[in-house]
Amino acid sequence: MCTSGRKFFCTEVYEAIQVTVTCMQGTLKLWFLKRKDAENRLFFDIGPKLKLADYKINIIEYGGKSIKLKSLIDQADTKGLIFYEDYNFLPYPPNTPKLVMDFFNLFLGFLVKPASEINKEIMDPIL
């Protein structure tokens with residue numbers, strides 16, 4: 001979107017942000033950024049800071065004016081669109097029809113969503 005030169009509606013931009021970036025707040029704030037590697041495979045980068053180039057997107061609602069991507073991501077975080085208190089990986093078969101969910105999908109085969117409760121039985125240390 002940033003490099004296309006096209007103009008986009010805010011809803012399009014926020015939808016793209018929601019499937020690409022998320023923030024988890026625990027004892028440390030972590031950013032998850034979905035990316036593609038050199039072979040076009042999806043993976044995600046995790047870090048305490050979201051480091052992006054100075055990308056800008058042309059927004060139709062602002063008369064086609066260029067807005068910094070980082071400020072749009074910060075707004076999405078502040079509005080709670082990409083913020084989660086915790087995460088939980090849930091495997092599902094690849095042939096399952098796409099579910100309509102409001103959870104950040106990190107990569108194919110898994111969904112991540114806020115965990116309402118942590119199952120302590122699966123957290124026993126390996127001895």
# chains A, B, ... in the order shown; residues from 1 in each chain; ligands from 1
>>> residues_around(residues="A:Tyr55", least_positions_apart="5", cutoff="10 Å", atoms="only C-alpha atoms", output="NGL selection string")
:A and (1-3 or 66-70)
>>> atom_distance(atom1="atom CA of A:Phe9", atom2="atom CA of A:Ile73")
14.8 Å
>>> closest_residue(among="A:Gly26, A:Ile60, A:Val21, A:Lys79", to="A:Asp45", atoms="only C-alpha atoms")
A:Val21
>>> residues_around(residues="A:Pro48", least_positions_apart="2", cutoff="7 Å", atoms="only C-alpha atoms", output="tab-separated table (two decimals) with N, CA and C atoms, in the first residue's frame")
chain	number	residue	atom	x	y	z
A	29	LYS	N	6.15	-5.03	26.51
A	29	LYS	CA	5.34	-4.81	25.31
A	29	LYS	C	6.08	-5.42	24.12
A	30	LEU	N	5.40	-6.29	23.38
A	30	LEU	CA	5.99	-6.93	22.21
A	30	LEU	C	5.18	-6.62	20.97
A	31	TRP	N	5.88	-6.35	19.89
A	31	TRP	CA	5.25	-6.13	18.59
A	31	TRP	C	5.47	-7.36	17.74
A	50	LEU	N	8.69	-1.38	17.29
A	50	LEU	CA	8.27	-1.57	15.91
A	50	LEU	C	9.12	-0.64	15.05
>>> closest_residue(among="A:Leu52, A:Leu72, A:Leu81, A:Ile57", to="A:Val19", atoms="only C-alpha atoms")
A:Leu81
>>> atom_distance(atom1="atom CA of A:Glu61", atom2="atom CA of A:Lys49")
28.7 Å
>>> closest_residue(among="A:Ile59, A:Asp77, A:Ser71, A:Tyr84", to="A:Cys10", atoms="only C-alpha atoms")
A:Ile59
>>> residues_around(residues="A:Leu28", least_positions_apart="3", cutoff="12 Å", atoms="only C-alpha atoms", output="list in words")
Cys23, Met24, Gln25, Trp31, Ile46, Gly47, Pro48, Lys49, Glu85 and Asp86 of chain A
>>> write_last_selection(atoms="C-alpha atoms", output="compact mmCIF listing (two decimals), in the first residue's frame")
# COMPACT_ATOMS: atom_id res chain seq x y z
CA CYS A 23 0.94 -5.66 19.98
CA MET A 24 0.97 -7.83 23.11
CA GLN A 25 1.27 -6.20 26.51
CA TRP A 31 5.25 -6.13 18.59
CA ILE A 46 8.87 -10.12 17.23
CA GLY A 47 10.47 -7.26 19.13
CA PRO A 48 9.99 -4.65 21.85
CA LYS A 49 9.97 -1.83 19.27
CA GLU A 85 -3.23 -8.71 26.67
CA ASP A 86 -1.98 -12.19 25.92
>>> atom_distance(atom1="atom CA of A:Thr20", atom2="atom CA of A:Ala76")
11.8 Å
